[in-house]
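To keep things clear, I will list the structure first and then write my remarks on it.
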Amino acid sequence: MRHVVDARGSFCPGPITELIKVYRKAQPGDEIELLATDPAAKSDVKAWAQKSGNEVVSIEDRGDHFAILVRVVRR
Amino acid sequence: MRPVRIAVVGGGTGGTLVANKLASELRESVKRGEVEVHLFAERPEHYFQPANLDIAFKGADPRRFVRDERELVVRGVKLHLSPVNLIDLNDRRLSFNGSSLEFDYLVIATGSRAVPEVVEGLAESSYNFHTGQEDARRTWEAVSRFERGRAVVLVNVPHKCPPSPVEAAFLLDEHLRKRGVRQNVEIVYATPYTRAYPTHTIAEVVEPLFEEKGIQLVTLFNTDYVDVRERKVRSLEGEEIKFDLLITVPPHRGAEVITASGIGDEEGWVPTDKETLRIKGYDYAFAIGDATDIPISKSGVVAHLEAIVAAKNVLADIEGTGVEYCYTGRINCPLEVGEGRALFVAGTYTKPPERQEPSRLKYLMKKFFPNVYWPMVQGKFETLFDLYLGKPYTTRGGGK
């Protein structure tokens, strides 16, 4: 299942909150696409994925925002 | 023909202000019986919620931070001290206390609820200051007798008031120093974020202060459950932290009426356009403050500024001006760092918060705010806030 999280325009509390909200309900194998304008989201999501044992599949620069695709490996 | 009827659900910061603004702006129409403004508040007590921190960590008297809602509404607001049981957006009807009311316009301002019970073991193991004044007072009782061991400040998301967990850690540290027991206590701050504060420019200020004060930072800690018997917290990421005193910012959810009415998402947040504040799919219904699903801080200032924008849009619709008011995402949240200093987390949707150094002046501004809050929810001082914060909206359309 693919979840799209639109956190564009969110700086505080920030896109990672929106990502984790969806992650709590996700199943292994699901994909979460996070849309964000906050550039810090890229490093935040990478750090979170590394610690939680999940996978950042791609980070795409779409001009006015980023699309970060995460594959849920561990839940 | 019955009057144009505006229903506002929720008697907190946003609901009280939006009802007061509408009744004031439509004063003449209300007098002539052409418009009715109904405000539904669950209880007569209106709390100044930011003071819960002072109650929990400084032993402040809770009675200083509560007023009677009946004294806060202006002439022209029909106040119902009753919870709303169900909202039917399609039929434009709500039910309350065995009655029902048809409305033409609706503003949902039902806020958020701290729900420690949704995390296994959390409610029975922890103290918190987000569920209300009484729990803030219990936190103070626990904090003021804590002598030694490990105190853990545990952050769960989503929660209202982004600065509050960091402030809790700073004020706990300050309190323990004042009592001369700080050297016997280890303070651990566990957060789901990658840094001490979600916004990196603010984290750059907070983290050196944590280090200076000996507050240990544990990042990327998303609470899975609390082991009540072993007194330890376990994260989704597989880490464990033992505690002697657990102070938590619980996860929050939307109001029960939102879920019961089938309006919200699975956590009870109302799907809302982040600019116009209209509920998605419903032109005549708005949501403001904590109740929305907008990815912005759930805070008093957001409820306040969104109330202004929603009121302007309701007025524009009634008057048929064709103008649409769009919220800029302005935030301005005070963050107290202890020792009588504070900073403000300030920004908009397009301008992220910039680094700010804590100062005495900002602390004094924060402490003075309760005096301004009560007139503010009555709709006073708007010009003053416009000067200080800038207009919280842009406009589009118009000319009809």
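Every chain in the structure tokens takes a letter, A first, then B, and so on in the order presented; its residues are numbered from 1, and the ligands are numbered from 1 following the presented order.
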
With chain A as the partner and 7 Å as the cut-off, tabulate the residues of chain B that qualify, each row holding the nearest pair of atoms and their distance in Å to one decimal, using only C-alpha atoms, sorted by chain and rising number, as a Markdown table.
| residue | atom | partner | partner_atom | distance |
| --- | --- | --- | --- | --- |
| B:Val157 | CA | A:Thr17 | CA | 6.7 |
| B:Pro158 | CA | A:Thr17 | CA | 6.9 |
| B:Pro162 | CA | A:Pro13 | CA | 6.3 |
| B:Thr194 | CA | A:Asp44 | CA | 5.9 |
| B:Pro198 | CA | A:Pro13 | CA | 5.5 |
| B:Thr199 | CA | A:Cys12 | CA | 5.9 |
| B:Leu220 | CA | A:Trp48 | CA | 6.2 |
| B:Glu237 | CA | A:Ser52 | CA | 4.6 |
| B:Pro295 | CA | A:Ser10 | CA | 5.5 |
| B:Ile296 | CA | A:Ser10 | CA | 5.8 |
| B:Ser297 | CA | A:Pro13 | CA | 5.7 |
| B:Tyr349 | CA | A:Gly9 | CA | 4.8 |
| B:Thr350 | CA | A:Gly9 | CA | 6.4 |
| B:Pro352 | CA | A:Phe11 | CA | 5.9 |

- Query: Using only C-alpha atoms, which residues sit within 12 Å of Lys25 (chain A) once same-chain residues fewer than 3 positions away are excluded, as a VMD selection string?
  - Reply: (chain A and resid 1 to 3 18 to 22 28 30 to 32 72 74 to 75) or (chain B and resid 266 to 267)

File dump, residues just selected, N, CA and C atoms, as a PDB file, in the first residue's frame:
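That gives us result_27.pdb:
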ATOM      1  N   MET A   1       0.846  -1.196   0.000  1.00  0.00           N
ATOM      2  CA  MET A   1       0.000   0.000   0.000  1.00  0.00           C
ATOM      3  C   MET A   1       0.885   1.252   0.000  1.00  0.00           C
ATOM      4  N   ARG A   2       0.457   2.250  -0.746  1.00  0.00           N
ATOM      5  CA  ARG A   2       1.245   3.475  -0.806  1.00  0.00           C
ATOM      6  C   ARG A   2       0.481   4.615  -0.111  1.00  0.00           C
ATOM      7  N   HIS A   3       1.171   5.274   0.802  1.00  0.00           N
ATOM      8  CA  HIS A   3       0.563   6.395   1.522  1.00  0.00           C
ATOM      9  C   HIS A   3       1.252   7.670   1.046  1.00  0.00           C
ATOM     10  N   GLU A  18       4.456  14.134  10.566  1.00  0.00           N
ATOM     11  CA  GLU A  18       3.433  13.616   9.659  1.00  0.00           C
ATOM     12  C   GLU A  18       3.819  12.223   9.161  1.00  0.00           C
ATOM     13  N   LEU A  19       5.110  12.038   8.927  1.00  0.00           N
ATOM     14  CA  LEU A  19       5.592  10.740   8.454  1.00  0.00           C
ATOM     15  C   LEU A  19       5.352   9.654   9.514  1.00  0.00           C
ATOM     16  N   ILE A  20       5.699   9.967  10.751  1.00  0.00           N
ATOM     17  CA  ILE A  20       5.599   8.955  11.811  1.00  0.00           C
ATOM     18  C   ILE A  20       4.138   8.606  12.099  1.00  0.00           C
ATOM     19  N   LYS A  21       3.279   9.608  11.932  1.00  0.00           N
ATOM     20  CA  LYS A  21       1.837   9.376  12.118  1.00  0.00           C
ATOM     21  C   LYS A  21       1.358   8.263  11.185  1.00  0.00           C
ATOM     22  N   VAL A  22       1.813   8.313   9.952  1.00  0.00           N
ATOM     23  CA  VAL A  22       1.410   7.305   8.966  1.00  0.00           C
ATOM     24  C   VAL A  22       2.156   5.993   9.227  1.00  0.00           C
ATOM     25  N   PRO A  28       4.777  -3.690   7.055  1.00  0.00           N
ATOM     26  CA  PRO A  28       5.997  -3.945   6.278  1.00  0.00           C
ATOM     27  C   PRO A  28       5.640  -4.132   4.799  1.00  0.00           C
ATOM     28  N   ASP A  30       4.777  -1.577   2.885  1.00  0.00           N
ATOM     29  CA  ASP A  30       4.106  -0.337   2.475  1.00  0.00           C
ATOM     30  C   ASP A  30       5.140   0.702   2.064  1.00  0.00           C
ATOM     31  N   GLU A  31       4.694   1.659   1.257  1.00  0.00           N
ATOM     32  CA  GLU A  31       5.559   2.786   0.899  1.00  0.00           C
ATOM     33  C   GLU A  31       4.906   4.086   1.356  1.00  0.00           C
ATOM     34  N   ILE A  32       5.735   4.981   1.844  1.00  0.00           N
ATOM     35  CA  ILE A  32       5.225   6.291   2.274  1.00  0.00           C
ATOM     36  C   ILE A  32       5.938   7.356   1.449  1.00  0.00           C
ATOM     37  N   VAL A  72       8.605   0.827   4.126  1.00  0.00           N
ATOM     38  CA  VAL A  72       8.527   0.313   5.496  1.00  0.00           C
ATOM     39  C   VAL A  72       9.056  -1.116   5.499  1.00  0.00           C
ATOM     40  N   ARG A  74      10.438  -2.382   8.714  1.00  0.00           N
ATOM     41  CA  ARG A  74      10.232  -2.860  10.088  1.00  0.00           C
ATOM     42  C   ARG A  74       9.068  -2.132  10.727  1.00  0.00           C
ATOM     43  N   ARG A  75       8.167  -2.870  11.322  1.00  0.00           N
ATOM     44  CA  ARG A  75       7.084  -2.265  12.119  1.00  0.00           C
ATOM     45  C   ARG A  75       6.808  -3.157  13.293  1.00  0.00           C
TER      46      ARG A  75
ATOM     47  N   GLU B 266      -8.578   9.500  10.899  1.00  0.00           N
ATOM     48  CA  GLU B 266      -8.603   8.439  11.906  1.00  0.00           C
ATOM     49  C   GLU B 266      -8.182   8.920  13.304  1.00  0.00           C
ATOM     50  N   GLU B 267      -7.502  10.072  13.374  1.00  0.00           N
ATOM     51  CA  GLU B 267      -7.157  10.625  14.695  1.00  0.00           C
ATOM     52  C   GLU B 267      -8.132  11.728  15.121  1.00  0.00           C
TER      53      GLU B 267
END

- Message: Report as a ChimeraX atom specification all protein, DNA and RNA residues lying within 12 Å of region 131-136 of chain B, evaluated on only C-alpha atoms, omitting residues in the same chain fewer than 3 positions from it.
- Response: /B:45-66,112-117,123,126-128,139-143,159-160,168,247-253

- Query: Between CA of Tyr189 (chain B) and CA of Ala36 (chain A), what is the spacing in Å?
  - Reply: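 Computed distance, CA of Ala36 (chain A) to CA of Tyr189 (chain B), equals 26.5 Å.
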
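Using only C-alpha atoms, the nearest neighbour of Pro39 (chain A) within the list B:Pro44, B:Asp104, B:His200, B:Ile279 is B:His200.
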
- Would you work out the distance separating CA of Val74 (chain B) from CA of Leu17 (chain B), expressed in Å to one decimal? 9.7 Å

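Between Asp273 (chain B) and the candidates B:Gly214, B:Pro192, B:Pro358, B:Gly329, the tightest atom-to-atom separation, counting only C-alpha atoms, involves B:Gly329.
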
- Message: For the structure I just gave you, how does DSSP split region 25-146 of chain B - specifically, which residues are strand (DSSP E)? Reply as number ranges by chain.
- Response: B: 35-41, 45-47, 66-68, 77-81, 84-88, 93-96, 99-102, 105-108, 112-114

Could those selected residues go to a file with N, CA and C atoms, as a CSV table (one decimal), in the first residue's frame?
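Saved to out.csv:
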chain,number,residue,atom,x,y,z
B,35,VAL,N,-29.4,38.0,11.9
B,35,VAL,CA,-28.3,37.1,12.1
B,35,VAL,C,-28.2,36.6,13.5
B,36,GLU,N,-27.9,35.3,13.7
B,36,GLU,CA,-27.7,34.8,15.1
B,36,GLU,C,-26.3,34.1,15.1
B,37,VAL,N,-25.6,34.4,16.2
B,37,VAL,CA,-24.3,33.7,16.4
B,37,VAL,C,-24.4,32.8,17.7
B,38,HIS,N,-24.3,31.5,17.4
B,38,HIS,CA,-24.4,30.6,18.5
B,38,HIS,C,-23.1,30.0,18.8
B,39,LEU,N,-22.7,30.0,20.1
B,39,LEU,CA,-21.4,29.5,20.6
B,39,LEU,C,-21.7,28.3,21.5
B,40,PHE,N,-21.1,27.2,21.2
B,40,PHE,CA,-21.3,26.0,22.1
B,40,PHE,C,-20.0,25.7,22.9
B,41,ALA,N,-20.1,25.9,24.2
B,41,ALA,CA,-18.9,25.6,25.0
B,41,ALA,C,-19.3,24.4,26.0
B,45,GLU,N,-16.0,27.0,32.5
B,45,GLU,CA,-14.6,27.4,32.8
B,45,GLU,C,-13.8,27.5,31.5
B,46,HIS,N,-13.1,28.6,31.3
B,46,HIS,CA,-12.2,28.9,30.2
B,46,HIS,C,-10.8,29.0,30.8
B,47,TYR,N,-10.0,28.0,30.4
B,47,TYR,CA,-8.6,28.0,30.9
B,47,TYR,C,-7.6,28.7,30.0
B,66,VAL,N,-8.0,31.0,35.1
B,66,VAL,CA,-9.3,30.5,34.7
B,66,VAL,C,-10.3,31.7,34.8
B,67,ARG,N,-11.2,31.8,33.8
B,67,ARG,CA,-12.3,32.8,33.8
B,67,ARG,C,-13.6,32.1,33.4
B,68,ASP,N,-14.7,32.7,33.7
B,68,ASP,CA,-16.0,32.2,33.3
B,68,ASP,C,-16.3,32.6,31.9
B,77,VAL,N,-23.8,37.2,21.3
B,77,VAL,CA,-23.4,35.8,21.2
B,77,VAL,C,-24.4,35.0,22.0
B,78,LYS,N,-25.0,34.0,21.4
B,78,LYS,CA,-25.9,33.1,22.2
B,78,LYS,C,-25.1,32.0,22.7
B,79,LEU,N,-24.7,32.0,23.9
B,79,LEU,CA,-23.8,31.0,24.5
B,79,LEU,C,-24.7,29.8,25.0
B,80,HIS,N,-24.3,28.6,24.5
B,80,HIS,CA,-24.9,27.3,25.0
B,80,HIS,C,-23.8,26.6,25.8
B,81,LEU,N,-24.0,26.4,27.1
B,81,LEU,CA,-23.0,25.7,27.9
B,81,LEU,C,-23.4,24.2,27.8
B,84,VAL,N,-21.7,19.5,22.1
B,84,VAL,CA,-22.4,19.2,20.9
B,84,VAL,C,-22.2,17.7,20.7
B,85,ASN,N,-23.3,16.9,20.4
B,85,ASN,CA,-23.1,15.5,20.3
B,85,ASN,C,-22.9,15.0,18.9
B,86,LEU,N,-23.4,15.8,17.9
B,86,LEU,CA,-23.3,15.3,16.5
B,86,LEU,C,-23.4,16.6,15.6
B,87,ILE,N,-22.5,16.5,14.6
B,87,ILE,CA,-22.6,17.6,13.6
B,87,ILE,C,-22.9,17.0,12.2
B,88,ASP,N,-23.9,17.4,11.6
B,88,ASP,CA,-24.3,16.9,10.3
B,88,ASP,C,-23.9,18.0,9.2
B,93,ARG,N,-26.9,20.8,10.3
B,93,ARG,CA,-27.6,20.7,11.6
B,93,ARG,C,-26.7,20.1,12.6
B,94,LEU,N,-26.8,20.6,13.8
B,94,LEU,CA,-26.1,19.9,14.9
B,94,LEU,C,-27.0,19.6,16.1
B,95,SER,N,-26.7,18.6,16.8
B,95,SER,CA,-27.5,18.2,18.0
B,95,SER,C,-26.7,18.4,19.3
B,96,PHE,N,-27.5,18.8,20.3
B,96,PHE,CA,-26.9,19.1,21.6
B,96,PHE,C,-27.9,19.0,22.6
B,99,SER,N,-31.5,18.7,21.9
B,99,SER,CA,-32.1,19.7,20.9
B,99,SER,C,-31.3,19.6,19.6
B,100,SER,N,-31.7,20.3,18.6
B,100,SER,CA,-30.9,20.4,17.4
B,100,SER,C,-31.0,21.9,16.9
B,101,LEU,N,-30.0,22.2,16.1
B,101,LEU,CA,-30.0,23.6,15.6
B,101,LEU,C,-29.6,23.5,14.1
B,102,GLU,N,-30.3,24.2,13.3
B,102,GLU,CA,-29.9,24.3,11.8
B,102,GLU,C,-29.0,25.5,11.7
B,105,TYR,N,-23.9,28.7,8.5
B,105,TYR,CA,-22.4,28.7,8.5
B,105,TYR,C,-22.0,28.0,9.8
B,106,LEU,N,-20.8,27.3,9.7
B,106,LEU,CA,-20.3,26.6,10.9
B,106,LEU,C,-18.8,26.8,11.1
B,107,VAL,N,-18.4,27.0,12.3
B,107,VAL,CA,-17.0,27.1,12.6
B,107,VAL,C,-16.7,26.0,13.6
B,108,ILE,N,-15.9,25.1,13.3
B,108,ILE,CA,-15.5,24.0,14.3
B,108,ILE,C,-14.2,24.4,14.9
B,112,SER,N,-8.1,19.9,20.8
B,112,SER,CA,-7.5,18.6,20.8
B,112,SER,C,-7.5,18.1,22.2
B,113,ARG,N,-7.4,16.8,22.4
B,113,ARG,CA,-7.4,16.1,23.7
B,113,ARG,C,-6.1,15.4,23.8
B,114,ALA,N,-5.5,15.5,25.0
B,114,ALA,CA,-4.3,14.7,25.3
B,114,ALA,C,-4.8,13.3,25.7

Please identify all polymer residues within 8 Å of region 284-290 of chain B, counting only C-alpha atoms, omitting same-chain residues fewer than 2 positions from it, and present them as a compact mmCIF listing (two decimals) with C-alpha atoms, in the first residue's frame.
# COMPACT_ATOMS: atom_id res chain seq x y z
CA GLY B 14 -10.44 30.06 18.69
CA LEU B 89 -22.35 18.86 7.65
CA ASP B 104 -26.04 28.34 7.56
CA TYR B 105 -22.39 28.69 8.55
CA LEU B 106 -20.34 26.57 10.89
CA VAL B 107 -16.98 27.06 12.57
CA ILE B 108 -15.49 24.01 14.25
CA ALA B 109 -13.08 24.93 17.05
CA THR B 110 -13.24 21.79 19.13
CA GLY B 111 -9.53 21.68 19.96
CA SER B 112 -7.50 18.61 20.81
CA LYS B 160 -0.26 20.79 21.13
CA GLY B 254 -9.27 15.47 17.90
CA VAL B 270 -10.84 17.86 10.49
CA THR B 272 -9.19 21.67 6.31
CA LEU B 277 -9.74 27.28 6.59
CA ARG B 278 -12.80 25.84 4.89
CA ILE B 279 -13.53 22.22 5.66
CA TYR B 282 -17.93 22.24 2.41
CA THR B 292 -7.74 20.88 11.97
CA LYS B 298 -1.35 23.28 17.50
CA SER B 299 -1.08 26.39 19.61
CA GLY B 300 -3.02 29.32 21.02
CA VAL B 302 -2.63 29.65 15.58
CA ALA B 303 -6.16 29.32 17.01
CA HIS B 304 -6.21 33.09 17.58
CA GLU B 306 -7.14 31.43 12.32
CA ALA B 307 -10.20 32.70 14.21
CA ALA B 310 -12.35 32.37 9.51
CA VAL B 314 -17.79 34.10 7.07

Residue contacts of Val309 (chain B) (7 Å, only C-alpha atoms) excluding same-chain residues fewer than 2 positions away, as a short mmCIF file (atom, residue, chain, number, x, y, z; two decimals) with N, CA and C atoms, in the first residue's frame:
data_model
loop_
_atom_site.label_atom_id
_atom_site.label_comp_id
_atom_site.auth_asym_id
_atom_site.auth_seq_id
_atom_site.Cartn_x
_atom_site.Cartn_y
_atom_site.Cartn_z
N LEU B 305 -5.15 33.44 15.41
CA LEU B 305 -5.04 34.05 14.08
C LEU B 305 -5.99 33.40 13.08
N GLU B 306 -6.18 32.09 13.21
CA GLU B 306 -7.14 31.43 12.32
C GLU B 306 -8.57 31.89 12.61
N ALA B 307 -8.86 32.20 13.86
CA ALA B 307 -10.20 32.70 14.21
C ALA B 307 -10.47 34.01 13.48
N ALA B 311 -13.39 34.25 10.65
CA ALA B 311 -14.45 35.26 10.86
C ALA B 311 -14.55 36.15 9.62
N LYS B 312 -13.41 36.53 9.07
CA LYS B 312 -13.43 37.39 7.88
C LYS B 312 -14.07 36.67 6.70
N ASN B 313 -13.80 35.39 6.56
CA ASN B 313 -14.39 34.64 5.44
C ASN B 313 -15.89 34.45 5.61
N TYR B 325 -10.18 35.29 2.23
CA TYR B 325 -9.04 35.56 3.13
C TYR B 325 -8.25 34.26 3.32
N CYS B 326 -6.94 34.36 3.16
CA CYS B 326 -6.09 33.16 3.21
C CYS B 326 -5.08 33.29 4.34
N TYR B 327 -5.09 32.35 5.26
CA TYR B 327 -4.18 32.33 6.41
C TYR B 327 -2.75 32.16 5.92
N TYR B 393 -3.27 37.21 7.18
CA TYR B 393 -3.91 36.71 5.96
C TYR B 393 -3.47 37.51 4.75
#

- Query: Can you list, as a ChimeraX atom specification, every residue of region 222-385 of chain B that DSSP puts in helix (DSSP H, G or I)?
  - Reply: /B:256-260,289-291,300-319,360-377,382-385

- Message: Can you pull out the residues contacting Leu154 (chain B)? Cut-off 12 Å, using only C-alpha atoms, and skip same-chain residues under 6 positions away; I want them as an NGL selection string.
- Response: :B and (116 or 122 or 125-128 or 164-166 or 168-169 or 187-193 or 196 or 216-226 or 232-235 or 240-243 or 245-251)

Selection above as a file: C-alpha atoms, as a PDB file, in the first residue's frame:
ATOM      1  CA  PRO B 116      -2.073   9.123  27.328  1.00  0.00           C
ATOM      2  CA  LEU B 122       1.625   5.492  29.728  1.00  0.00           C
ATOM      3  CA  SER B 125       3.077   5.502  34.844  1.00  0.00           C
ATOM      4  CA  SER B 126       3.388   9.166  34.016  1.00  0.00           C
ATOM      5  CA  TYR B 127       2.547  12.712  34.966  1.00  0.00           C
ATOM      6  CA  ASN B 128       1.511  15.264  32.402  1.00  0.00           C
ATOM      7  CA  SER B 164       6.095  22.794  25.802  1.00  0.00           C
ATOM      8  CA  PRO B 165       8.186  19.597  26.167  1.00  0.00           C
ATOM      9  CA  VAL B 166      11.471  21.484  25.883  1.00  0.00           C
ATOM     10  CA  ALA B 168       9.220  21.244  30.715  1.00  0.00           C
ATOM     11  CA  ALA B 169      12.819  19.967  30.678  1.00  0.00           C
ATOM     12  CA  ILE B 187      17.247  14.405  33.356  1.00  0.00           C
ATOM     13  CA  VAL B 188      16.648  12.575  30.077  1.00  0.00           C
ATOM     14  CA  TYR B 189      14.728  14.200  27.242  1.00  0.00           C
ATOM     15  CA  ALA B 190      13.371  11.616  24.783  1.00  0.00           C
ATOM     16  CA  THR B 191      11.868  12.925  21.552  1.00  0.00           C
ATOM     17  CA  PRO B 192      10.626  11.389  18.280  1.00  0.00           C
ATOM     18  CA  TYR B 193      12.467  14.096  16.342  1.00  0.00           C
ATOM     19  CA  ALA B 196      15.799  18.596  20.558  1.00  0.00           C
ATOM     20  CA  GLN B 216      20.571  14.253  28.156  1.00  0.00           C
ATOM     21  CA  LEU B 217      19.022  14.166  24.707  1.00  0.00           C
ATOM     22  CA  VAL B 218      17.669  10.952  23.166  1.00  0.00           C
ATOM     23  CA  THR B 219      16.398  11.508  19.605  1.00  0.00           C
ATOM     24  CA  LEU B 220      14.246   9.409  17.271  1.00  0.00           C
ATOM     25  CA  PHE B 221      12.444   7.857  20.195  1.00  0.00           C
ATOM     26  CA  ASN B 222       8.855   7.047  19.235  1.00  0.00           C
ATOM     27  CA  THR B 223       7.149   5.524  22.246  1.00  0.00           C
ATOM     28  CA  ASP B 224       5.879   2.011  21.680  1.00  0.00           C
ATOM     29  CA  TYR B 225       4.824   1.167  25.254  1.00  0.00           C
ATOM     30  CA  VAL B 226       5.656   1.697  28.897  1.00  0.00           C
ATOM     31  CA  LYS B 232      10.898   1.617  31.585  1.00  0.00           C
ATOM     32  CA  VAL B 233       9.798   3.065  28.246  1.00  0.00           C
ATOM     33  CA  ARG B 234      10.376   1.228  24.992  1.00  0.00           C
ATOM     34  CA  SER B 235      10.475   2.865  21.566  1.00  0.00           C
ATOM     35  CA  GLU B 240      14.623   1.293  26.293  1.00  0.00           C
ATOM     36  CA  ILE B 241      14.889   3.983  28.969  1.00  0.00           C
ATOM     37  CA  LYS B 242      14.382   3.307  32.658  1.00  0.00           C
ATOM     38  CA  PHE B 243      12.817   6.022  34.792  1.00  0.00           C
ATOM     39  CA  LEU B 245       9.892   9.922  37.396  1.00  0.00           C
ATOM     40  CA  LEU B 246       8.151   9.979  34.035  1.00  0.00           C
ATOM     41  CA  ILE B 247       6.787  13.285  32.764  1.00  0.00           C
ATOM     42  CA  THR B 248       5.158  12.962  29.397  1.00  0.00           C
ATOM     43  CA  VAL B 249       3.629  15.054  26.688  1.00  0.00           C
ATOM     44  CA  PRO B 250       0.973  12.563  25.625  1.00  0.00           C
ATOM     45  CA  PRO B 251      -0.176  12.036  22.066  1.00  0.00           C
TER      46      PRO B 251
END

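Between CA of Arg71 (chain A) and CA of Glu55 (chain A) the interatomic distance comes to 5.1 Å.
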
- Task: Compile the contact shell of Phe66 (chain A) as a PyMOL selection string: residues with an atom at most 8 Å away, counting only C-alpha atoms, same-chain residues fewer than 3 positions apart removed.
- Result: chain A and resi 34-37+39+59-63
